[in-house]
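Next comes final.txt, with compact mmCIF, C-alpha atoms.
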```txt
# COMPACT_ATOMS: atom_id res chain seq x y z
CA MET A 973 40.85 -90.09 -24.16
CA ILE A 974 38.21 -87.44 -24.69
CA ASN A 975 37.01 -86.89 -28.24
CA ALA A 976 38.33 -83.69 -29.86
CA LYS A 977 35.41 -81.30 -30.23
CA THR A 978 35.07 -77.54 -30.56
CA THR A 979 34.46 -76.12 -27.11
CA LEU A 980 32.05 -73.21 -27.35
CA LEU A 981 31.36 -72.67 -23.68
CA GLY A 982 32.64 -73.94 -20.33
CA ILE A 983 30.67 -75.72 -17.68
CA MET A 984 31.20 -76.00 -13.96
CA ILE A 985 30.18 -78.85 -11.74
CA CYS A 986 28.87 -79.37 -8.27
CA VAL A 987 29.25 -82.80 -6.69
CA LEU A 988 26.36 -83.38 -4.34
CA GLY A 989 27.07 -86.60 -2.51
CA THR A 990 23.96 -88.23 -1.06
CA GLY A 991 25.68 -91.26 0.46
CA THR A 992 27.41 -91.62 3.80
CA TYR A 993 30.92 -91.89 2.33
CA ALA A 994 33.18 -89.25 0.78
CA GLN A 995 32.98 -88.75 -2.97
CA ASP A 996 36.11 -89.69 -4.89
CA LEU A 997 35.67 -86.84 -7.41
CA THR A 998 35.96 -83.19 -6.36
CA PRO A 999 34.50 -80.45 -8.59
CA VAL A 1000 36.81 -77.87 -10.08
CA TYR A 1001 33.94 -75.35 -9.85
CA LYS A 1002 30.56 -75.22 -8.18
CA GLU A 1003 27.25 -74.40 -9.92
CA VAL A 1004 27.37 -73.53 -13.58
CA ASP A 1005 25.59 -70.91 -15.64
CA CYS A 1006 26.29 -71.74 -19.26
CA GLY A 1007 24.84 -68.43 -20.35
CA GLU A 1008 23.24 -68.26 -23.78
CA MET A 1009 23.52 -70.83 -26.54
CA LEU A 1010 22.18 -70.40 -30.04
CA TYR A 1011 19.06 -72.30 -31.09
CA ASP A 1012 19.65 -75.38 -33.27
CA LYS A 1013 23.43 -74.97 -33.06
CA PRO A 1014 24.96 -77.95 -31.20
CA ALA A 1015 27.33 -76.74 -28.49
CA THR A 1016 29.95 -78.74 -26.60
CA TYR A 1017 30.86 -78.09 -22.97
CA VAL A 1018 33.85 -79.54 -21.14
CA VAL A 1019 33.67 -80.47 -17.46
CA GLU A 1020 36.78 -81.08 -15.36
CA PHE A 1021 36.99 -82.63 -11.93
CA LYS A 1022 39.72 -84.18 -9.84
CA ASN A 1023 40.26 -87.54 -8.18
CA THR A 1024 40.89 -86.48 -4.57
CA SER A 1025 40.88 -89.98 -3.16
CA ALA A 1026 43.96 -92.05 -2.35
CA LYS A 1027 43.08 -94.69 -4.93
CA SER A 1028 42.52 -94.87 -8.67
CA VAL A 1029 38.94 -94.53 -9.90
CA GLU A 1030 37.25 -95.00 -13.25
CA ILE A 1031 34.23 -93.26 -14.75
CA LYS A 1032 31.93 -95.92 -16.07
CA ASP A 1033 28.85 -93.96 -17.16
CA VAL A 1034 27.34 -90.46 -17.52
CA ASP A 1035 23.58 -89.92 -17.36
CA THR A 1036 22.86 -86.60 -19.12
CA GLY A 1037 19.24 -86.43 -17.96
CA CYS A 1038 17.70 -86.08 -21.42
CA GLY A 1039 18.02 -87.33 -24.97
CA CYS A 1040 19.09 -83.91 -26.26
CA THR A 1041 22.51 -84.21 -24.64
CA THR A 1042 25.25 -86.73 -25.38
CA ALA A 1043 28.37 -87.34 -23.31
CA ASP A 1044 31.92 -88.52 -23.85
CA PHE A 1045 34.45 -88.91 -21.04
CA THR A 1046 38.00 -89.90 -20.14
CA LYS A 1047 38.39 -93.67 -20.33
CA GLY A 1048 40.52 -95.88 -18.11
CA LYS A 1049 41.86 -95.54 -14.58
CA LEU A 1050 42.14 -92.07 -13.09
CA MET A 1051 45.05 -91.91 -10.67
CA PRO A 1052 44.97 -89.86 -7.43
CA ASN A 1053 45.17 -86.10 -8.13
CA ALA A 1054 44.56 -86.66 -11.83
CA VAL A 1055 41.87 -84.65 -13.65
CA ALA A 1056 39.07 -86.24 -15.65
CA LYS A 1057 37.18 -84.54 -18.46
CA VAL A 1058 33.59 -85.04 -19.51
CA SER A 1059 32.38 -83.57 -22.81
CA LEU A 1060 28.67 -82.73 -23.02
CA THR A 1061 27.11 -81.86 -26.38
CA PHE A 1062 23.69 -80.16 -26.45
CA ASP A 1063 21.58 -80.11 -29.61
CA ALA A 1064 19.88 -76.85 -28.46
CA LYS A 1065 16.63 -77.61 -30.28
CA GLN A 1066 14.33 -76.15 -27.62
CA LEU A 1067 14.16 -72.43 -26.83
CA GLY A 1068 14.13 -71.21 -23.24
CA HIS A 1069 15.83 -71.80 -19.94
CA PHE A 1070 17.04 -75.24 -18.90
CA ASP A 1071 18.07 -76.57 -15.51
CA ARG A 1072 19.08 -80.19 -15.29
CA VAL A 1073 21.29 -82.63 -13.40
CA VAL A 1074 23.98 -84.70 -15.12
CA ARG A 1075 24.99 -87.79 -13.11
CA VAL A 1076 28.54 -89.15 -13.28
CA PHE A 1077 29.01 -92.77 -12.13
CA THR A 1078 32.36 -94.29 -11.19
CA ALA A 1079 33.10 -97.99 -11.04
CA ASP A 1080 33.36 -97.77 -7.25
CA ASP A 1081 30.04 -96.03 -6.65
CA ARG A 1082 28.28 -97.79 -3.79
CA GLN A 1083 24.60 -98.51 -4.20
CA GLY A 1084 24.67 -96.58 -7.49
CA THR A 1085 25.28 -93.15 -5.85
CA PRO A 1086 26.72 -90.83 -8.53
CA ALA A 1087 28.36 -87.45 -8.49
CA GLU A 1088 25.78 -84.91 -9.63
CA VAL A 1089 26.54 -82.06 -11.98
CA ILE A 1090 24.06 -79.16 -12.10
CA VAL A 1091 23.78 -77.49 -15.52
CA ARG A 1092 21.87 -74.26 -16.20
CA GLY A 1093 21.54 -72.05 -19.25
CA VAL A 1094 19.20 -70.61 -21.86
CA VAL A 1095 18.71 -71.36 -25.54
CA VAL A 1096 17.96 -68.22 -27.56
CA ALA A 1097 17.12 -67.42 -31.18
CA LYS A 1098 19.82 -64.73 -31.26
CA ILE A 1099 22.77 -64.08 -28.97
CA VAL A 1100 23.05 -60.41 -28.07
CA ASN A 1101 26.47 -59.46 -26.74
CA TYR A 1102 27.98 -56.16 -25.76
CA SER A 1103 28.72 -54.57 -29.14
CA GLY A 1104 31.28 -51.99 -28.08
CA GLU A 1105 35.01 -52.06 -28.55
CA TYR A 1106 37.64 -53.83 -26.42
CA PRO A 1107 40.62 -51.47 -26.54
CA CYS A 1108 42.40 -52.88 -23.47
CA LYS A 1109 44.57 -55.95 -24.07
CA MET A 1110 45.01 -57.80 -20.80
CA GLY A 1111 47.26 -60.76 -21.36
CA ASN A 1112 45.14 -63.35 -23.15
CA LEU A 1113 41.90 -61.41 -22.69
CA LEU A 1114 40.41 -58.14 -23.93
CA SER A 1115 38.46 -55.56 -21.92
CA ASP A 1116 36.49 -52.40 -22.65
CA ASN A 1117 37.92 -50.63 -19.58
CA ASP A 1118 40.89 -50.76 -17.23
CA ASN A 1119 39.75 -48.11 -14.76
CA ILE A 1120 36.80 -48.28 -12.33
CA GLU A 1121 35.73 -45.37 -10.13
CA PHE A 1122 33.25 -45.27 -7.25
CA ASP A 1123 32.54 -41.60 -6.52
CA ASP A 1124 30.91 -39.95 -3.49
CA ILE A 1125 30.48 -43.09 -1.41
CA ASN A 1126 28.80 -42.94 1.99
CA GLN A 1127 29.68 -45.37 4.74
CA GLY A 1128 27.58 -48.54 4.49
CA GLN A 1129 26.81 -48.36 0.78
CA LYS A 1130 27.26 -51.38 -1.48
CA LEU A 1131 27.78 -50.47 -5.13
CA THR A 1132 28.62 -52.42 -8.28
CA LYS A 1133 30.39 -51.44 -11.51
CA GLU A 1134 30.63 -53.56 -14.64
CA ILE A 1135 33.23 -54.05 -17.35
CA HIS A 1136 32.97 -56.16 -20.49
CA ILE A 1137 35.55 -58.74 -21.50
CA MET A 1138 36.20 -61.05 -24.44
CA ASN A 1139 38.26 -64.18 -24.97
CA PRO A 1140 39.96 -63.79 -28.39
CA ALA A 1141 41.87 -67.08 -28.11
CA SER A 1142 41.03 -70.48 -29.60
CA GLN A 1143 40.87 -72.15 -26.18
CA ASN A 1144 38.58 -71.81 -23.17
CA ALA A 1145 39.38 -69.30 -20.44
CA THR A 1146 38.08 -69.14 -16.87
CA PRO A 1147 38.55 -65.40 -16.12
CA VAL A 1148 39.22 -64.32 -12.56
CA ILE A 1149 40.03 -61.05 -10.80
CA LEU A 1150 43.29 -61.41 -8.87
CA ARG A 1151 44.63 -59.48 -5.84
CA LEU A 1152 41.26 -58.27 -4.58
CA PRO A 1153 41.42 -56.22 -1.35
CA PRO A 1154 38.93 -57.04 1.45
CA TYR A 1155 36.54 -54.26 0.42
CA LEU A 1156 36.05 -55.54 -3.15
CA THR A 1157 34.44 -58.68 -4.55
CA ALA A 1158 34.19 -59.76 -8.19
CA GLU A 1159 31.86 -61.97 -10.23
CA VAL A 1160 32.56 -63.13 -13.79
CA THR A 1161 29.67 -64.22 -16.03
CA PRO A 1162 29.77 -66.71 -17.61
CA LYS A 1163 32.44 -68.35 -15.49
CA VAL A 1164 34.00 -70.02 -18.50
CA LEU A 1165 34.53 -68.12 -21.77
CA GLY A 1166 34.74 -70.16 -24.93
CA PRO A 1167 36.71 -69.00 -27.99
CA LYS A 1168 35.59 -65.52 -29.15
CA GLN A 1169 32.96 -65.46 -26.39
CA LYS A 1170 32.13 -62.29 -24.47
CA GLY A 1171 31.31 -61.85 -20.80
CA THR A 1172 31.05 -59.36 -17.98
CA VAL A 1173 32.91 -58.69 -14.75
CA LYS A 1174 31.00 -57.13 -11.87
CA ILE A 1175 33.17 -55.42 -9.25
CA THR A 1176 31.30 -54.77 -6.00
CA LEU A 1177 32.46 -52.24 -3.41
CA HIS A 1178 31.65 -52.94 0.27
CA SER A 1179 32.15 -49.48 1.77
CA ASN A 1180 31.75 -50.71 5.36
CA LYS A 1181 35.18 -52.34 4.92
CA LEU A 1182 36.95 -49.16 3.87
CA ARG A 1183 39.29 -47.93 6.58
CA ASP A 1184 39.58 -44.23 5.86
CA TYR A 1185 37.80 -41.26 4.31
CA GLY A 1186 39.00 -39.81 1.05
CA LEU A 1187 40.59 -41.71 -1.82
CA ASN A 1188 40.97 -45.47 -1.48
CA GLN A 1189 42.78 -46.79 -4.53
CA THR A 1190 44.02 -50.24 -5.48
CA THR A 1191 45.07 -52.29 -8.48
CA VAL A 1192 43.50 -55.64 -9.34
CA TYR A 1193 44.35 -57.92 -12.24
CA LEU A 1194 42.32 -59.77 -14.87
CA GLY A 1195 43.68 -63.27 -15.26
CA LYS A 1196 42.68 -65.94 -17.77
CA ASN A 1197 42.51 -68.38 -14.83
CA SER A 1198 43.30 -68.50 -11.11
CA SER A 1199 46.93 -69.52 -11.70
CA ASP A 1200 47.67 -66.76 -14.21
CA LYS A 1201 50.64 -64.51 -13.47
CA VAL A 1202 50.11 -60.93 -12.31
CA THR A 1203 51.66 -58.52 -14.82
CA PRO A 1204 51.21 -54.76 -15.44
CA GLU A 1205 49.29 -55.17 -18.71
CA LYS A 1206 46.52 -57.03 -16.85
CA ALA A 1207 46.02 -54.23 -14.32
CA ILE A 1208 42.67 -52.60 -13.52
CA THR A 1209 42.74 -49.51 -11.31
CA VAL A 1210 39.86 -49.26 -8.83
CA SER A 1211 39.24 -45.97 -7.00
CA ALA A 1212 36.68 -45.19 -4.30
CA VAL A 1213 36.11 -41.82 -2.63
CA LEU A 1214 34.54 -42.28 0.80
CA LEU A 1215 32.92 -39.12 2.15
CA PRO A 1216 32.85 -38.12 5.83
CA PRO A 1217 29.41 -38.04 7.49
CA ALA A 1218 27.40 -35.16 6.05
CA VAL A 1219 26.55 -32.15 8.21
CA SER A 1220 22.80 -31.68 8.46
CA LYS A 1221 21.37 -28.52 6.91
CA ASP A 1222 19.44 -28.07 10.15
CA ASP A 1223 22.61 -28.10 12.27
CA VAL A 1224 22.57 -24.89 14.34
CA ASN A 1225 26.34 -24.57 13.94
CA ARG A 1226 26.29 -24.77 10.14
CA PRO A 1227 26.15 -20.96 9.57
CA TYR A 1228 29.31 -20.60 11.67
CA ALA A 1229 31.24 -23.33 9.85
CA PRO A 1230 34.37 -22.76 7.72
CA ARG A 1231 33.76 -21.93 4.06
CA LEU A 1232 36.20 -22.63 1.23
CA GLU A 1233 36.70 -20.42 -1.79
CA MET A 1234 39.27 -21.14 -4.53
CA SER A 1235 40.84 -18.87 -7.11
CA ARG A 1236 40.26 -21.64 -9.66
CA LYS A 1237 38.77 -25.11 -9.66
CA TYR A 1238 41.29 -26.59 -12.09
CA ILE A 1239 45.04 -26.81 -12.61
CA ASP A 1240 46.27 -25.41 -15.93
CA MET A 1241 49.06 -27.54 -17.39
CA THR A 1242 48.51 -26.62 -21.05
CA PRO A 1243 51.93 -24.85 -21.19
CA LEU A 1244 53.45 -28.33 -20.87
CA ASN A 1245 52.90 -28.68 -24.61
CA SER A 1246 56.00 -26.55 -25.09
CA LYS A 1247 57.82 -27.24 -21.82
CA SER A 1248 59.16 -30.34 -20.09
CA LYS A 1249 58.15 -29.12 -16.62
CA TYR A 1250 55.58 -26.59 -15.41
CA LYS A 1251 54.09 -25.28 -12.16
CA ASP A 1252 50.66 -23.83 -11.49
CA GLU A 1253 49.24 -22.24 -8.34
CA ILE A 1254 45.79 -21.69 -6.91
CA THR A 1255 44.73 -19.89 -3.75
CA LEU A 1256 42.50 -21.38 -1.07
CA SER A 1257 40.59 -18.90 1.10
CA ASN A 1258 38.54 -19.39 4.25
CA VAL A 1259 35.60 -16.97 4.15
CA GLY A 1260 33.80 -18.75 6.99
CA HIS A 1261 33.80 -18.35 10.78
CA LYS A 1262 35.84 -21.37 11.95
CA THR A 1263 39.18 -22.91 11.09
CA LEU A 1264 39.17 -24.56 7.66
CA GLU A 1265 40.99 -27.88 7.65
CA ILE A 1266 42.28 -29.63 4.53
CA GLN A 1267 41.88 -33.09 6.01
CA LYS A 1268 43.02 -35.03 2.92
CA LEU A 1269 45.06 -34.02 -0.11
CA GLN A 1270 45.44 -36.96 -2.47
CA LEU A 1271 46.34 -37.76 -6.06
CA PHE A 1272 44.43 -40.10 -8.37
CA THR A 1273 47.63 -40.78 -10.33
CA MET A 1274 51.40 -40.60 -10.11
CA GLY A 1275 53.33 -38.02 -12.10
CA VAL A 1276 51.97 -35.00 -10.22
CA GLN A 1277 53.50 -33.20 -7.23
CA VAL A 1278 51.42 -31.07 -4.87
CA GLN A 1279 52.50 -28.72 -2.10
CA LEU A 1280 50.21 -26.86 0.30
CA ASP A 1281 51.83 -24.25 2.53
CA LYS A 1282 49.33 -24.92 5.35
CA GLN A 1283 46.51 -27.37 6.03
CA LYS A 1284 44.67 -25.28 8.63
CA ILE A 1285 43.37 -21.94 7.37
CA GLU A 1286 41.96 -19.48 9.88
CA PRO A 1287 38.94 -17.27 9.03
CA GLY A 1288 39.99 -14.52 6.62
CA GLU A 1289 43.30 -16.21 5.75
CA THR A 1290 44.54 -17.95 2.62
CA ALA A 1291 46.78 -20.87 1.65
CA LYS A 1292 48.71 -21.51 -1.54
CA MET A 1293 48.63 -24.79 -3.44
CA THR A 1294 51.47 -25.41 -5.89
CA VAL A 1295 51.19 -28.19 -8.46
CA THR A 1296 54.15 -29.40 -10.52
CA CYS A 1297 53.97 -31.73 -13.51
CA LYS A 1298 56.49 -33.18 -15.92
CA ALA A 1299 55.44 -33.78 -19.51
CA LYS A 1300 57.11 -37.20 -19.70
CA ASP A 1301 55.27 -38.34 -16.56
CA LEU A 1302 51.84 -37.19 -17.74
CA LYS A 1303 52.28 -39.05 -21.02
CA LYS A 1304 52.61 -42.34 -19.16
CA LEU A 1305 49.32 -41.99 -17.25
CA ARG A 1306 46.51 -44.40 -18.06
CA VAL A 1307 43.80 -42.34 -16.35
CA LYS A 1308 42.96 -38.66 -16.05
CA PRO A 1309 45.16 -36.83 -13.50
CA ARG A 1310 43.24 -35.15 -10.68
CA ILE A 1311 43.71 -33.90 -7.14
CA LEU A 1312 41.28 -34.74 -4.33
CA MET A 1313 40.70 -32.62 -1.24
CA ILE A 1314 38.59 -33.59 1.75
CA THR A 1315 37.72 -30.60 3.96
CA ASN A 1316 35.62 -29.76 7.02
CA ASP A 1317 33.57 -27.24 5.01
CA PRO A 1318 30.07 -28.81 5.06
CA ASN A 1319 29.42 -27.41 1.58
CA HIS A 1320 32.72 -28.67 0.14
CA GLN A 1321 33.51 -31.92 1.89
CA LYS A 1322 34.93 -33.27 -1.38
CA VAL A 1323 36.73 -31.10 -3.94
CA VAL A 1324 38.24 -32.53 -7.13
CA LEU A 1325 40.68 -30.35 -9.08
CA GLU A 1326 40.99 -31.33 -12.74
CA ILE A 1327 44.38 -31.04 -14.39
CA LYS A 1328 44.06 -29.59 -17.87
CA LYS A 1329 46.88 -30.59 -20.17
```
Now, as a test, write the supplied structure out as structure tokens.
Amino acid sequence: MINAKTTLLGIMICVLGTGTYAQDLTPVYKEVDCGEMLYDKPATYVVEFKNTSAKSVEIKDVDTGCGCTTADFTKGKLMPNAVAKVSLTFDAKQLGHFDRVVRVFTADDRQGTPAEVIVRGVVVAKIVNYSGEYPCKMGNLLSDNDNIEFDDINQGQKLTKEIHIMNPASQNATPVILRLPPYLTAEVTPKVLGPKQKGTVKITLHSNKLRDYGLNQTTVYLGKNSSDKVTPEKAITVSAVLLPPAVSKDDVNRPYAPRLEMSRKYIDMTPLNSKSKYKDEITLSNVGHKTLEIQKLQLFTMGVQVQLDKQKIEPGETAKMTVTCKAKDLKKLRVKPRILMITNDPNHQKVVLEIKK
């Protein structure tokens, strides 16, 4: 069995077979970035990989590539579908980046061809982590934010937002973002978080995969590993507002376009402090020369009801927007309530109405 050692960081493996036969061991992960390790503080990393062959295999040796790293590994026969563990301990006595190959030999390796594990990282004099707070408890992990917003996106843009996470547990975690829609991708660094270790999650928006203008909103989940259950406390709300193509300032028709004016640019729900339910109204006016169209009317959150008496407003006419809120519903919201309008006014393609409470 593997020796019991304190696991400070995780490591991922990549099996690069150079022979003409299939490798018996399949990596759990591909390339690894160990992140930062502290100078002169020995750190132990655990590698896991699976026997995907139809026979039992046995690890007989591990070549760590240098004298600064020692290895211990699961002894005895490894049955099909069983997982083997290799423990690598680095003395971390040399500052700077390292990039090395660790070779894992099984008893059945032909002509001495091993499975190769690529290990990367950097030894530093001082580890500098995000020093802010982690107010969001997400299952077994902590996060500094549970709401991501991509505002004023144009078709074709690719944008990235970042949140910080921490593993408060005494065991390793391999954080993953679950339930990603096609227009989002996520990258966690480092891929394995040791006890009390901090990391980052980068959420990237691919706007060319968004289907519609206006608000595109979804919920993703931060799991401690890929098999973690999806539950509400692990939820991260991701919002993206995709704008229609902009009207050029040189467009000869621009002076004759519709033009929106509003009686107010916010919804006043402050009376809710003394009431359980309250309504507020604002007036939308078209002071332009063509029909004003409210193409989208969307809510960033639940708990708010909106009614618009007409979506097409002729020149010189008005429309009434009525907003209703319940105090008990607003108290449950995790993010700020707002209303989004997308219009054909070239000067007000996107209008966001704040709800003051």
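Residues surrounding segment 1229-1243 of chain A within 6 Å are A:Ile1254, A:Thr1255, A:Leu1256, A:Ser1257, A:Asn1258, A:Val1259, A:Gly1260, A:His1261, A:Lys1262, A:Thr1263, A:Leu1264, A:Asp1317, A:Leu1325, A:Glu1326, A:Ile1327, A:Lys1328, A:Lys1329 [all atoms listed in the file; sequence separation below 4 positions excluded].
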- [ ] For Asn1112 of chain A, work out the shell of residues within 8 Å, counting only C-alpha atoms and skipping chain neighbours fewer than 3 positions away, then give it as a list of chain:residue names.
- [x] A:Lys1109, A:Asn1139, A:Pro1140, A:Ala1141, A:Lys1196
Open item on the list: Need to verify the contact set: Leu1305 of chain A, 9 Å, all atoms listed in the file, exclusion of same-chain residues closer than 6 positions in sequence. Can you return it as an MDAnalysis selection string?
Closed with: chainID A and resid 1273:1275
Task: Which of A:Asp1044, A:Asp1301, A:Glu1134, A:Glu1088 sits closest to Ile1175 of chain A [using only C-alpha atoms] - done: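 So, comparing all the options, the nearest one is A:Glu1134.
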Open item on the list: So, with only C-alpha atoms as the atoms that count, which of A:Thr1294, A:Gly1288, A:Pro1227, A:Tyr1193 lies closest to Pro1318 of chain A?
Closed with: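 The shortest atom-to-atom distance to Pro1318 of chain A comes from A:Pro1227.
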Open item on the list: One number please: atom CA of Lys1065 of chain A to atom CA of Cys1038 of chain A, in Å, one decimal.
Closed with: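 Computed distance, atom CA of Lys1065 of chain A to atom CA of Cys1038 of chain A, equals 12.3 Å.
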Task: Which of A:Leu1131, A:Met1138, A:Ile1031, A:Met1313 sits closest to Leu1156 of chain A [using all atoms listed in the file] - done: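 Nearest to Leu1156 of chain A: A:Leu1131.
Minimum atom-to-atom distance to Tyr1228 of chain A, evaluated using only C-alpha atoms, belongs to A:Pro1287 out of A:Val1192, A:Asp1071, A:Pro1287, A:Lys1322.
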Please identify all polymer residues lying at most 7 Å from the point (26.2, -78.7, -32.7) (file coordinates), using all atoms listed in the file, and present the result as an mmCIF file with C-alpha atoms, in the coordinates of the input.
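Result file follows (point24.cif):
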```cif
data_model
loop_
_atom_site.group_PDB
_atom_site.id
_atom_site.type_symbol
_atom_site.label_atom_id
_atom_site.label_comp_id
_atom_site.auth_asym_id
_atom_site.auth_seq_id
_atom_site.Cartn_x
_atom_site.Cartn_y
_atom_site.Cartn_z
ATOM 1 C CA LYS A 1013 23.430 -74.970 -33.060
ATOM 2 C CA PRO A 1014 24.960 -77.950 -31.200
ATOM 3 C CA ALA A 1015 27.330 -76.740 -28.490
ATOM 4 C CA PHE A 1062 23.690 -80.160 -26.450
ATOM 5 C CA ASP A 1063 21.580 -80.110 -29.610
#
```
Centre, x/y/z edge lengths, axis-aligned box for segment 1024-1043 of chain A with 4 Å per side, as lines of an AutoDock Vina configuration file:
```
center_x = 30.8
center_y = -89.9
center_z = -14.3
size_x = 34.3
size_y = 20.0
size_z = 31.9
```
- [ ] Could you check how far atom CA of Phe1272 of chain A sits from atom CA of Ala1212 of chain A, in Å to one decimal?
- [x]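 Distance between the two atoms: 10.1 Å.
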Open item on the list: Report, in Å to a single decimal, how far apart atom CA of Asn1119 of chain A and atom CA of Gly1171 of chain A are.
Closed with: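 Atom-to-atom, atom CA of Gly1171 of chain A and atom CA of Asn1119 of chain A are spaced 17.2 Å apart.
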TODO: Find the residue from A:Asn1144, A:Thr1203, A:Thr1132, A:Asn1023 that sits nearest to Ala1087 of chain A; use only C-alpha atoms when measuring.
DONE: A:Asn1023
Task: Nearest candidate to Ser1179 of chain A (options A:Asp1118, A:Asp1124, A:Asp1281, A:Glu1008; using all atoms listed in the file) - done: A:Asp1124
Task: Surrounding residues of Thr1041 of chain A excluding itself and chain neighbours under 5 positions, 12 Å, all atoms listed in the file, as an MDAnalysis selection string - done: chainID A and resid 1014:1017 1034:1036 1059:1066 1070 1072:1074 1091
Open item on the list: Would you pick out the contacts of Ala1026 of chain A at 9 Å or less, using only C-alpha atoms, so that residues sharing its chain but fewer than 2 positions from it are not included, and give the list as a ChimeraX atom specification?
Closed with: /A:996,1023-1024,1028,1051-1053
